[in-house]
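Q: Next comes work05.cif, mmCIF, C-alpha atoms:
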```
data_run
#
loop_
_atom_site.label_atom_id
_atom_site.label_comp_id
_atom_site.auth_asym_id
_atom_site.auth_seq_id
_atom_site.Cartn_x
_atom_site.Cartn_y
_atom_site.Cartn_z
CA MET A 1 -99.31 150.21 -82.99
CA GLU A 2 -97.57 149.06 -79.83
CA ILE A 3 -99.03 146.84 -77.13
CA LYS A 4 -98.36 148.38 -73.75
CA THR A 5 -100.32 146.21 -71.36
CA THR A 6 -102.73 143.30 -71.27
CA GLY A 7 -106.17 144.25 -72.56
CA VAL A 8 -109.38 142.37 -71.95
CA ALA A 9 -112.90 142.83 -73.24
CA GLY A 10 -116.04 140.75 -73.13
CA THR A 11 -117.61 138.35 -70.67
CA LEU A 12 -118.01 134.62 -70.29
CA GLU A 13 -121.76 134.76 -70.60
CA SER A 14 -123.80 133.15 -73.33
CA SER A 15 -123.56 134.82 -76.80
CA ASP A 16 -120.45 136.73 -75.81
CA ILE A 17 -116.71 136.22 -76.25
CA GLN A 18 -113.91 137.22 -73.95
CA ILE A 19 -110.76 138.43 -75.66
CA MET A 20 -107.48 138.89 -73.83
CA ILE A 21 -104.67 140.51 -75.77
CA SER A 22 -101.04 140.70 -74.74
CA LYS A 23 -97.65 141.27 -76.30
CA GLY A 24 -96.50 138.56 -78.69
CA SER A 25 -93.35 137.94 -80.68
CA ASN A 26 -94.50 135.41 -83.22
CA GLY A 27 -97.21 136.98 -85.36
CA ILE A 28 -100.82 136.75 -84.29
CA GLU A 29 -101.18 133.70 -82.07
CA ILE A 30 -104.72 132.81 -81.12
CA ASP A 31 -105.62 130.37 -78.40
CA LEU A 32 -109.33 129.80 -78.98
CA ASP A 33 -111.62 128.03 -76.60
CA SER A 34 -115.08 127.42 -78.01
CA GLU A 35 -117.82 124.81 -77.90
CA VAL A 36 -118.32 125.32 -81.62
CA LYS A 37 -114.65 125.38 -82.52
CA LYS A 38 -115.04 122.46 -84.90
CA ALA A 39 -117.65 124.24 -86.99
CA TYR A 40 -116.76 127.90 -86.57
CA GLY A 41 -113.20 127.97 -85.18
CA ASP A 42 -111.62 129.09 -88.44
CA GLN A 43 -114.19 131.80 -88.96
CA ILE A 44 -113.80 133.14 -85.41
CA GLU A 45 -110.02 133.22 -85.74
CA LYS A 46 -110.30 134.95 -89.10
CA VAL A 47 -112.50 137.72 -87.66
CA ILE A 48 -110.08 138.27 -84.79
CA THR A 49 -107.03 138.26 -87.08
CA ASP A 50 -108.60 140.65 -89.59
CA THR A 51 -109.67 143.07 -86.90
CA LEU A 52 -106.22 143.09 -85.28
CA LYS A 53 -104.47 143.60 -88.61
CA LYS A 54 -106.76 146.48 -89.49
CA TYR A 55 -105.85 148.00 -86.18
CA GLY A 56 -102.17 147.70 -87.08
CA LEU A 57 -101.21 144.90 -84.71
CA ASP A 58 -99.02 142.09 -86.05
CA ASN A 59 -97.44 140.53 -82.99
CA VAL A 60 -100.14 139.60 -80.54
CA LYS A 61 -101.00 136.81 -78.17
CA VAL A 62 -104.75 136.34 -78.04
CA LYS A 63 -106.68 134.24 -75.59
CA ALA A 64 -110.28 133.96 -76.76
CA THR A 65 -113.02 132.25 -74.80
CA ASP A 66 -116.09 132.03 -76.99
CA LYS A 67 -119.59 131.43 -75.72
CA GLY A 68 -121.34 131.53 -79.08
CA ALA A 69 -120.69 135.12 -80.16
CA LEU A 70 -121.75 136.50 -83.54
CA ASP A 71 -119.13 138.05 -85.83
CA CYS A 72 -120.14 141.61 -84.97
CA VAL A 73 -119.64 140.84 -81.27
CA ILE A 74 -116.27 139.22 -81.92
CA LYS A 75 -115.15 142.29 -83.87
CA ALA A 76 -116.33 144.70 -81.20
CA ARG A 77 -114.72 142.77 -78.36
CA THR A 78 -111.44 142.37 -80.25
CA LEU A 79 -111.35 146.06 -81.02
CA ALA A 80 -112.08 147.01 -77.41
CA ALA A 81 -109.40 144.66 -76.11
CA ALA A 82 -106.92 146.03 -78.67
CA GLN A 83 -107.66 149.59 -77.61
CA ARG A 84 -107.15 148.71 -73.97
CA ALA A 85 -103.92 146.84 -74.71
CA THR A 86 -102.51 149.74 -76.73
CA GLU A 87 -103.90 152.31 -74.29
CA THR A 88 -105.73 154.12 -77.05
CA SER A 89 -109.24 153.80 -75.62
CA ASP A 90 -109.59 157.59 -75.53
CA LYS A 91 -109.11 157.92 -79.30
CA PRO A 92 -110.78 154.86 -80.79
CA GLU A 93 -110.42 154.14 -84.49
CA LEU A 94 -113.95 152.95 -85.08
CA GLU A 95 -113.53 152.76 -88.85
CA VAL A 96 -111.82 149.43 -88.20
CA LEU A 97 -115.29 148.02 -87.65
CA MET B 1 -132.29 139.41 -64.86
CA ASP B 2 -129.88 138.66 -62.02
CA LYS B 3 -127.81 141.58 -60.87
CA VAL B 4 -124.21 141.65 -59.63
CA VAL B 5 -123.76 143.61 -56.41
CA ASP B 6 -120.92 144.28 -53.98
CA LEU B 7 -121.21 142.49 -50.66
CA TYR B 8 -119.51 144.01 -47.65
CA LEU B 9 -118.72 141.23 -45.22
CA SER B 10 -117.81 143.72 -42.53
CA GLN B 11 -121.55 144.30 -42.12
CA PRO B 12 -122.85 141.60 -39.77
CA THR B 13 -126.22 141.14 -41.52
CA THR B 14 -124.61 140.79 -44.95
CA ARG B 15 -122.04 138.42 -43.59
CA LYS B 16 -124.69 136.29 -41.92
CA LYS B 17 -126.75 136.04 -45.11
CA TRP B 18 -123.67 135.26 -47.16
CA LYS B 19 -122.54 132.60 -44.73
CA GLU B 20 -125.94 130.93 -44.56
CA PHE B 21 -126.11 130.85 -48.34
CA LEU B 22 -122.74 129.14 -48.65
CA GLU B 23 -123.45 126.73 -45.81
CA LYS B 24 -126.50 125.53 -47.69
CA LEU B 25 -124.15 124.75 -50.58
CA GLY B 26 -121.89 122.67 -48.35
CA LEU B 27 -119.07 125.10 -47.56
CA HIS B 28 -118.32 125.27 -43.89
CA ASP B 29 -115.01 126.82 -42.90
CA PHE B 30 -115.54 130.51 -42.18
CA SER B 31 -112.54 131.02 -39.91
CA ASP B 32 -110.66 134.31 -39.82
CA ARG B 33 -107.73 132.64 -41.53
CA GLU B 34 -109.87 132.31 -44.64
CA ILE B 35 -111.97 135.45 -44.42
CA ASP B 36 -109.38 138.01 -43.38
CA VAL B 37 -107.49 137.68 -46.66
CA ILE B 38 -110.55 138.42 -48.80
CA ASP B 39 -110.18 141.70 -50.70
CA HIS B 40 -113.63 141.87 -52.18
CA THR B 41 -116.87 139.91 -52.37
CA LEU B 42 -119.53 140.00 -55.05
CA GLY B 43 -123.06 138.74 -54.86
CA LEU B 44 -125.65 137.88 -57.46
CA ILE B 45 -129.26 138.73 -56.65
CA ASP B 46 -132.36 137.73 -58.54
CA GLU B 47 -135.39 139.88 -59.34
CA ASP B 48 -136.84 139.41 -55.87
CA GLY B 49 -133.59 140.54 -54.25
CA LYS B 50 -132.70 137.05 -53.11
CA LEU B 51 -129.02 136.08 -52.98
CA VAL B 52 -128.48 133.41 -55.65
CA GLY B 53 -124.73 133.48 -56.11
CA THR B 54 -121.49 134.80 -54.68
CA GLY B 55 -117.75 134.81 -55.15
CA SER B 56 -114.73 136.48 -53.54
CA ILE B 57 -111.25 137.63 -54.43
CA ALA B 58 -108.19 137.19 -52.23
CA GLY B 59 -105.12 138.54 -53.98
CA ASN B 60 -105.30 136.76 -57.32
CA VAL B 61 -107.24 133.78 -55.99
CA LEU B 62 -110.97 133.31 -56.50
CA LYS B 63 -112.64 131.98 -53.37
CA TYR B 64 -116.00 131.06 -51.91
CA ILE B 65 -117.75 130.74 -55.23
CA GLY B 66 -121.23 129.38 -54.87
CA VAL B 67 -124.39 129.62 -56.94
CA CYS B 68 -127.91 128.36 -56.62
CA ASN B 69 -129.19 127.02 -59.93
CA GLU B 70 -132.89 126.92 -59.05
CA ASP B 71 -135.05 128.68 -61.67
CA ALA B 72 -132.01 129.43 -63.83
CA THR B 73 -130.27 128.05 -66.87
CA SER B 74 -127.62 125.70 -65.61
CA GLY B 75 -124.25 127.40 -65.58
CA ALA B 76 -125.51 130.90 -66.39
CA ARG B 77 -125.13 132.22 -62.86
CA PHE B 78 -121.80 130.56 -62.39
CA ASN B 79 -120.48 132.12 -65.60
CA LYS B 80 -121.83 135.50 -64.58
CA ILE B 81 -120.22 135.53 -61.16
CA VAL B 82 -116.86 134.27 -62.45
CA THR B 83 -116.90 136.91 -65.19
CA ALA B 84 -117.69 139.60 -62.64
CA LEU B 85 -114.83 138.45 -60.42
CA GLN B 86 -112.45 138.47 -63.38
CA GLN B 87 -113.59 141.96 -64.39
CA TYR B 88 -112.81 143.08 -60.87
CA LEU B 89 -109.31 141.65 -61.17
CA PHE B 90 -108.80 143.15 -64.64
CA ASN B 91 -109.69 146.56 -63.24
CA GLU B 92 -107.02 146.01 -60.61
CA GLY B 93 -104.58 145.24 -63.40
CA LYS B 94 -104.42 141.54 -62.52
CA PHE B 95 -104.74 139.35 -65.58
CA HIS B 96 -103.70 136.09 -64.00
CA SER B 97 -105.92 134.33 -61.52
CA PHE B 98 -106.14 131.05 -59.68
CA VAL B 99 -108.79 128.93 -58.10
CA PHE B 100 -108.69 126.06 -55.66
CA THR B 101 -111.88 124.08 -55.81
CA LYS B 102 -113.49 120.70 -55.33
CA GLU B 103 -112.36 118.24 -57.94
CA LYS B 104 -115.90 117.84 -59.28
CA TYR B 105 -116.08 121.55 -60.18
CA SER B 106 -112.82 121.55 -62.11
CA SER B 107 -114.59 121.03 -65.42
CA SER B 108 -116.94 123.98 -64.78
CA PHE B 109 -113.92 126.24 -64.52
CA GLN B 110 -112.29 124.61 -67.51
CA HIS B 111 -115.35 125.66 -69.54
CA LEU B 112 -114.43 129.22 -68.66
CA SER B 113 -110.92 128.72 -70.04
CA PHE B 114 -109.22 127.95 -66.79
CA SER B 115 -106.58 125.30 -67.20
CA GLU B 116 -105.96 122.67 -64.58
CA LEU B 117 -102.52 122.58 -62.98
CA ALA B 118 -103.16 119.65 -60.67
CA HIS B 119 -105.90 117.70 -59.04
CA THR B 120 -106.33 115.13 -56.31
CA GLU B 121 -109.33 113.05 -55.33
CA GLN B 122 -110.72 115.99 -53.41
CA ALA B 123 -109.37 119.19 -54.86
CA ALA B 124 -108.27 120.87 -58.04
CA PHE B 125 -105.98 123.83 -58.70
CA LEU B 126 -106.52 125.88 -61.84
CA GLU B 127 -105.23 129.06 -63.42
CA SER B 128 -106.52 131.49 -66.00
CA GLY B 129 -105.04 134.34 -67.99
CA ASN B 130 -101.44 135.23 -68.48
CA PRO B 131 -98.57 135.04 -67.87
CA ASN B 132 -99.44 131.37 -67.40
CA VAL B 133 -97.34 128.47 -66.22
CA ASP B 134 -95.70 128.03 -69.64
CA ASP B 135 -94.65 131.67 -69.69
CA TYR B 136 -93.31 131.22 -66.17
CA LEU B 137 -91.29 128.14 -67.11
CA ASN B 138 -89.96 129.80 -70.26
CA SER B 139 -88.77 132.71 -68.18
CA LEU B 140 -86.52 130.51 -66.04
CA PRO B 141 -82.84 130.38 -66.98
CA GLN B 142 -81.55 127.17 -68.53
CA ILE B 143 -78.11 125.83 -69.36
CA PRO B 144 -77.00 124.26 -72.65
CA ASN B 145 -77.73 120.57 -72.99
CA GLN B 146 -79.82 120.58 -69.84
CA ASP B 147 -81.58 117.34 -70.75
CA ASN B 148 -78.42 115.36 -70.16
CA LYS B 149 -77.41 117.06 -66.94
CA LYS B 150 -78.13 116.21 -63.35
CA ILE B 151 -80.53 118.87 -62.12
CA ALA B 152 -81.80 119.35 -58.58
CA ALA B 153 -84.23 121.73 -56.94
CA ILE B 154 -84.67 123.23 -53.50
CA VAL B 155 -87.75 125.17 -52.48
CA MET B 156 -87.36 127.61 -49.63
CA ASN B 157 -89.17 130.45 -47.98
CA ALA B 158 -85.89 131.68 -46.46
CA ASN B 159 -87.40 133.95 -43.87
CA PRO B 160 -84.55 134.92 -43.58
CA PHE B 161 -81.74 133.07 -45.38
CA THR B 162 -79.58 131.22 -42.81
CA LEU B 163 -76.43 129.12 -42.75
CA GLY B 164 -78.77 126.14 -42.72
CA HIS B 165 -80.16 127.07 -46.13
CA ARG B 166 -76.65 127.77 -47.33
CA HIS B 167 -75.45 124.37 -46.15
CA LEU B 168 -78.28 122.57 -47.94
CA VAL B 169 -77.58 124.36 -51.22
CA GLU B 170 -73.82 123.82 -50.94
CA MET B 171 -74.36 120.13 -50.55
CA ALA B 172 -76.69 119.95 -53.53
CA SER B 173 -74.30 122.10 -55.51
CA GLN B 174 -71.52 119.54 -55.09
CA GLU B 175 -73.68 116.58 -56.05
CA ASN B 176 -75.39 118.01 -59.15
CA ASP B 177 -74.68 119.94 -62.34
CA LEU B 178 -77.28 122.60 -61.70
CA ILE B 179 -79.46 123.61 -58.77
CA TYR B 180 -82.62 125.64 -58.96
CA VAL B 181 -83.42 127.43 -55.74
CA PHE B 182 -87.10 128.35 -55.85
CA VAL B 183 -87.95 131.12 -53.41
CA VAL B 184 -91.59 131.03 -52.31
CA ALA B 185 -93.24 134.15 -53.71
CA THR B 186 -96.14 134.48 -51.27
CA ASP B 187 -95.73 137.70 -49.35
CA LEU B 188 -96.88 136.67 -45.87
CA SER B 189 -93.60 136.50 -43.98
CA LEU B 190 -91.65 138.83 -41.71
CA PHE B 191 -89.16 139.36 -44.51
CA LYS B 192 -90.86 140.62 -47.66
CA THR B 193 -90.57 138.54 -50.82
CA LYS B 194 -88.14 141.04 -52.33
CA GLU B 195 -85.93 140.94 -49.25
CA ARG B 196 -85.95 137.15 -49.05
CA MET B 197 -85.11 136.87 -52.75
CA MET B 198 -82.28 139.37 -52.42
CA LEU B 199 -80.75 137.69 -49.36
CA VAL B 200 -80.87 134.25 -51.01
CA GLN B 201 -79.22 135.64 -54.13
CA GLU B 202 -76.50 137.42 -52.18
CA GLY B 203 -75.92 134.48 -49.90
CA LEU B 204 -75.36 132.11 -52.82
CA SER B 205 -73.69 134.41 -55.33
CA ASP B 206 -70.38 132.50 -55.13
CA LEU B 207 -71.91 129.17 -56.18
CA LYS B 208 -71.75 129.15 -59.96
CA ASN B 209 -74.09 126.24 -60.63
CA VAL B 210 -76.95 127.65 -58.57
CA LYS B 211 -79.82 129.60 -60.09
CA VAL B 212 -82.02 131.49 -57.66
CA VAL B 213 -85.51 131.98 -59.10
CA SER B 214 -88.91 133.02 -57.88
CA GLY B 215 -91.32 130.19 -57.23
CA GLY B 216 -93.99 132.28 -58.90
CA ASP B 217 -97.46 131.23 -57.88
CA TYR B 218 -96.63 127.59 -58.39
CA MET B 219 -95.15 126.64 -55.04
CA VAL B 220 -98.41 126.00 -53.23
CA SER B 221 -97.88 126.94 -49.63
CA SER B 222 -100.11 126.18 -46.70
CA ALA B 223 -100.44 129.92 -46.22
CA THR B 224 -102.39 130.38 -49.44
CA PHE B 225 -104.19 127.07 -49.66
CA PRO B 226 -107.80 127.50 -48.65
CA ALA B 227 -109.45 125.02 -46.33
CA TYR B 228 -113.07 126.01 -46.64
CA PHE B 229 -114.09 123.37 -49.13
CA LEU B 230 -112.31 120.47 -47.48
CA GLN B 231 -113.64 118.18 -44.81
CA SER B 232 -111.08 118.48 -42.02
CA PRO B 233 -107.78 120.12 -41.10
CA LYS B 234 -105.98 116.88 -41.78
CA ASP B 235 -107.38 116.89 -45.30
CA LEU B 236 -106.00 120.38 -45.64
CA ILE B 237 -102.39 119.44 -45.16
CA ASP B 238 -102.75 116.24 -47.18
CA THR B 239 -104.42 117.98 -50.07
CA GLN B 240 -102.13 120.97 -50.06
CA THR B 241 -99.08 118.71 -50.09
CA GLU B 242 -100.50 116.59 -52.89
CA ILE B 243 -101.38 119.57 -55.04
CA ASP B 244 -98.01 121.21 -54.42
CA ALA B 245 -96.17 117.98 -55.19
CA ARG B 246 -98.16 117.29 -58.34
CA VAL B 247 -97.62 120.73 -59.82
CA PHE B 248 -93.93 120.33 -59.17
CA LYS B 249 -93.69 116.78 -60.43
CA ASN B 250 -95.93 117.01 -63.50
CA ILE B 251 -95.35 120.54 -64.72
CA ILE B 252 -92.21 122.13 -63.35
CA ALA B 253 -89.77 119.22 -63.06
CA PRO B 254 -90.20 117.72 -66.56
CA LYS B 255 -89.67 121.06 -68.29
CA LEU B 256 -86.40 121.70 -66.45
CA ASN B 257 -85.29 118.07 -66.24
CA ILE B 258 -85.25 118.18 -62.44
CA THR B 259 -84.74 114.72 -61.02
CA ARG B 260 -83.90 115.47 -57.41
CA ARG B 261 -85.28 117.59 -54.69
CA TYR B 262 -83.47 118.42 -51.46
CA LEU B 263 -85.27 118.99 -48.18
CA GLY B 264 -84.01 119.88 -44.74
CA LYS B 265 -84.95 117.36 -42.06
CA GLU B 266 -87.49 118.78 -39.71
CA PRO B 267 -86.61 118.11 -36.07
CA ILE B 268 -89.16 120.34 -34.34
CA SER B 269 -92.42 120.94 -36.16
CA ILE B 270 -94.50 117.78 -36.57
CA THR B 271 -96.51 119.43 -39.33
CA THR B 272 -93.42 120.13 -41.40
CA HIS B 273 -92.08 116.66 -40.73
CA TYR B 274 -95.35 115.19 -41.92
CA TYR B 275 -95.21 117.45 -44.98
CA ASN B 276 -91.70 116.22 -45.81
CA VAL B 277 -92.71 112.60 -45.56
CA SER B 278 -95.77 112.95 -47.74
CA LEU B 279 -93.88 115.09 -50.22
CA ALA B 280 -91.30 112.34 -50.59
CA HIS B 281 -94.11 109.86 -51.06
CA GLU B 282 -95.84 111.97 -53.72
CA LEU B 283 -92.76 112.95 -55.71
CA GLY B 284 -91.25 109.50 -55.93
CA PRO B 285 -90.20 107.53 -57.84
CA ASP B 286 -89.72 110.06 -60.68
CA ILE B 287 -88.07 112.56 -58.42
CA GLU B 288 -85.59 111.46 -55.84
CA VAL B 289 -86.14 113.22 -52.55
CA ILE B 290 -83.07 113.74 -50.42
CA ILE B 291 -83.71 114.70 -46.83
CA THR B 292 -80.64 116.01 -45.08
CA PRO B 293 -80.09 116.58 -41.36
CA ARG B 294 -80.38 120.12 -40.08
CA TYR B 295 -77.18 122.09 -39.94
CA GLN B 296 -75.89 122.82 -36.44
CA VAL B 297 -73.70 125.55 -35.01
CA GLU B 298 -72.14 124.94 -31.61
CA GLY B 299 -74.58 122.13 -31.01
CA GLN B 300 -77.60 124.33 -31.76
CA LEU B 301 -79.92 123.72 -34.69
CA VAL B 302 -79.97 126.53 -37.19
CA THR B 303 -83.54 127.61 -37.85
CA ALA B 304 -84.98 130.76 -39.34
CA THR B 305 -87.59 130.68 -36.57
CA GLN B 306 -84.84 131.15 -33.98
CA VAL B 307 -83.35 133.99 -36.00
CA ARG B 308 -86.72 135.75 -36.06
CA LYS B 309 -87.00 135.38 -32.29
CA ASP B 310 -83.55 136.89 -31.91
CA ILE B 311 -84.60 139.77 -34.15
CA LYS B 312 -87.55 140.43 -31.88
CA GLU B 313 -85.23 140.51 -28.89
CA GLY B 314 -82.53 142.46 -30.71
CA ASN B 315 -80.01 139.74 -30.04
CA LEU B 316 -77.49 140.51 -32.79
CA THR B 317 -74.61 138.39 -31.47
CA GLU B 318 -76.85 135.31 -31.56
CA ILE B 319 -78.03 136.11 -35.07
CA ALA B 320 -74.43 136.40 -36.30
CA LYS B 321 -73.87 132.75 -35.44
CA PHE B 322 -76.73 131.47 -37.60
CA VAL B 323 -76.74 133.57 -40.75
CA PRO B 324 -74.23 134.42 -43.47
CA LYS B 325 -72.67 137.87 -43.46
CA THR B 326 -74.98 139.14 -46.18
CA THR B 327 -78.08 138.35 -44.14
CA TYR B 328 -76.47 139.65 -40.97
CA ASP B 329 -75.63 143.01 -42.56
CA TYR B 330 -79.18 143.38 -43.78
CA ILE B 331 -80.67 142.60 -40.37
CA ASN B 332 -78.18 144.91 -38.68
CA ASP B 333 -79.11 147.78 -41.02
CA ASN B 334 -82.84 147.19 -40.78
CA LEU B 335 -83.33 145.92 -37.24
CA LEU B 336 -85.77 148.64 -36.22
CA LYS B 337 -87.85 148.22 -39.35
CA LEU B 338 -88.09 144.45 -38.79
CA GLN B 339 -88.92 144.82 -35.10
CA ASP B 340 -91.56 147.34 -36.03
CA ARG B 341 -93.22 144.77 -38.32
CA ILE B 342 -93.29 142.27 -35.45
CA LYS B 343 -94.79 144.89 -33.15
CA LYS B 344 -97.46 145.59 -35.73
CA GLY B 345 -98.59 141.99 -35.47
CA MET B 346 -96.47 140.02 -37.97
CA LYS B 347 -96.36 136.46 -36.61
CA ILE B 348 -92.85 135.04 -36.30
CA ASP B 349 -93.45 131.56 -34.95
CA GLY B 350 -94.81 130.02 -38.16
CA ASN B 351 -92.80 129.25 -41.26
#
```
Can you dump the structure from the file as structure tokens?
A:
Amino acid sequence: MEIKTTGVAGTLESSDIQIMISKGSNGIEIDLDSEVKKAYGDQIEKVITDTLKKYGLDNVKVKATDKGALDCVIKARTLAAAQRATETSDKPELEVL
Amino acid sequence: MDKVVDLYLSQPTTRKKWKEFLEKLGLHDFSDREIDVIDHTLGLIDEDGKLVGTGSIAGNVLKYIGVCNEDATSGARFNKIVTALQQYLFNEGKFHSFVFTKEKYSSSFQHLSFSELAHTEQAAFLESGNPNVDDYLNSLPQIPNQDNKKIAAIVMNANPFTLGHRHLVEMASQENDLIYVFVVATDLSLFKTKERMMLVQEGLSDLKNVKVVSGGDYMVSSATFPAYFLQSPKDLIDTQTEIDARVFKNIIAPKLNITRRYLGKEPISITTHYYNVSLAHELGPDIEVIITPRYQVEGQLVTATQVRKDIKEGNLTEIAKFVPKTTYDYINDNLLKLQDRIKKGMKIDGN
């Protein structure tokens, strides 16, 4: 899967996460901003990484701004951002979820 | 639940309501200079239809953000309006945005993953998204062993590139190993950014140790710096200069090992003279500021302002005296187009 543009999904409101995905060259690089990074940072990054890998993306720059999102939200937002970045929103692979 | 709505400031009643709301929050400059550049304005209304928040977009800059936190969770409305503004930009395909704000609100934006580029006592300048300042700096060309070389920088708008600019760069080129010429990227001048960039490149192509690069969004010019949250016009120029100088000194210069900056002495405009002096004050002692006298031809000062006046009057023989051949050829080929822009209201007496 090839990243064609920058893709964003999610908001900065409470219980949500905003994911911005753009082309990377050095594996999956995640820049996570979260109030609960100490406790849940690893878990959040794992959910993002797993979702991207399932979608077939290996070289990605991710900027994630978390406002206390649950795993299902993180997955959904990551998937939506990935679809927008790869311009495949019209044929979503929902089985990734 | 609060609802995000579009506000159309061209409607007098909307504009009045919007203005009164922001005035209550302590914003006060609603001059055309600030408002005319706004592309879009959003409002936040509560269940009773009362305006409780607003924010605007001008290019890739967020402006006039204000929220009322009465009867609401602290921060919720602010987050909502900033998100809505960012969504608007994303839909426009803009993933990189900036905000100039009061220093005390810097941390609120940092909570929303903005990163601070510079701050002064009064103001802060932040960016969000990508490509960010690191991507910008990584995109600039470097030479081997740059850390041990003498590197200088010149920032210019070059509207258009004259023999004066050329003279300044030549001088710097002889005194240093490498010169970065940063061309201001803001597109508010008679010559478009692309044209200015091209003329600078062509005019300096013979100097091997000169790299002409775009200033990106990181050369803070008075044209883009908003005044609405500052106290007075004098604060504006002070704050803009400080922010500009600090971004340069703390972020751009260290990465490229720039230790000198060259400026042309300003003989006419008091504002620019004042800017030069305070820039020197802000950049020192880490960065040596070298102010050189203006280049003269036949006893006349070479200024881009004069060249623009001559363009307006179609005075090609005068222009030939002040600009290199590359610039002259371009003006000669495009004289009507340039004059047309002036006729359509492009101001030529500024910078």
Q: Which value, in Å to one decimal, gives the distance between atom CA of Lys312 of chain B and atom CA of Met197 of chain B?
A: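 One can read the atom CA of Lys312 of chain B to atom CA of Met197 of chain B distance as 21.3 Å.
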Q: Select residues of chain A: the criterion is any atom within 8 Å of an atom of chain B, counting all atoms listed in the file; output as a list in words.
A: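 For chain A, the answer reads Thr6, Val8, Thr11, Leu12, Glu13, Ser14, Met20, Asp33, Lys63 and Thr65 of chain A.
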Q: For segment 24-40 of chain B, find every residue with an atom within 7 Å (counting only C-alpha atoms), except residues of its own chain fewer than 6 positions away, and show them as a PyMOL selection string.
A: chain B and resi 56-59+66+226-229
Q: Would you compute the distance between atom CA of Val302 of chain B and atom CA of Asp349 of chain B? Give it in Å to one decimal.
A: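 Between atom CA of Val302 of chain B and atom CA of Asp349 of chain B the gap works out to 14.6 Å.
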Q: Decode the PyMOL selection byres ((chain B and resi 330-346) around 12) for the given file into explicit residues and return them as number ranges by chain.
A: B: 159-162, 187-192, 195-196, 198-200, 202-203, 307-317, 319-320, 323-329, 347-351
Q: Give me, please, the distance in Å between atom CA of Leu89 of chain B and atom CA of Tyr64 of chain B, quoted to one decimal.
A: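 Pair atom CA of Leu89 of chain B / atom CA of Tyr64 of chain B returns 15.6 Å.
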Q: Please return segment 111-121 of chain B, rebuilt to N, CA, C and O atoms, as a short mmCIF file (atom, residue, chain, number, x, y, z; two decimals), in the coordinates of the input.
A:
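The file below, result_25.cif, is the result:
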```cif
data_model
loop_
_atom_site.label_atom_id
_atom_site.label_comp_id
_atom_site.auth_asym_id
_atom_site.auth_seq_id
_atom_site.Cartn_x
_atom_site.Cartn_y
_atom_site.Cartn_z
N HIS B 111 -114.48 125.09 -68.52
CA HIS B 111 -115.35 125.66 -69.54
C HIS B 111 -115.15 127.16 -69.68
O HIS B 111 -115.48 127.74 -70.70
N LEU B 112 -114.66 127.78 -68.61
CA LEU B 112 -114.43 129.22 -68.66
C LEU B 112 -112.96 129.52 -68.91
O LEU B 112 -112.43 130.51 -68.43
N SER B 113 -112.31 128.59 -69.60
CA SER B 113 -110.92 128.72 -70.04
C SER B 113 -109.92 128.80 -68.91
O SER B 113 -108.85 129.37 -69.05
N PHE B 114 -110.25 128.20 -67.79
CA PHE B 114 -109.22 127.95 -66.79
C PHE B 114 -108.51 126.67 -67.20
O PHE B 114 -109.13 125.78 -67.79
N SER B 115 -107.21 126.58 -66.93
CA SER B 115 -106.58 125.30 -67.20
C SER B 115 -106.09 124.68 -65.89
O SER B 115 -105.62 125.36 -64.99
N GLU B 116 -106.24 123.38 -65.83
CA GLU B 116 -105.96 122.67 -64.58
C GLU B 116 -104.47 122.45 -64.43
O GLU B 116 -103.80 121.98 -65.33
N LEU B 117 -103.94 122.80 -63.26
CA LEU B 117 -102.52 122.58 -62.98
C LEU B 117 -102.32 121.26 -62.27
O LEU B 117 -101.32 120.58 -62.46
N ALA B 118 -103.26 120.91 -61.40
CA ALA B 118 -103.16 119.65 -60.67
C ALA B 118 -104.49 119.34 -60.04
O ALA B 118 -105.28 120.22 -59.77
N HIS B 119 -104.74 118.05 -59.84
CA HIS B 119 -105.90 117.70 -59.04
C HIS B 119 -105.63 116.46 -58.20
O HIS B 119 -104.74 115.68 -58.51
N THR B 120 -106.38 116.33 -57.14
CA THR B 120 -106.33 115.13 -56.31
C THR B 120 -107.75 114.60 -56.27
O THR B 120 -108.62 115.10 -56.97
N GLU B 121 -107.98 113.59 -55.44
CA GLU B 121 -109.33 113.05 -55.33
C GLU B 121 -110.30 114.13 -54.88
O GLU B 121 -111.45 114.16 -55.27
#
```
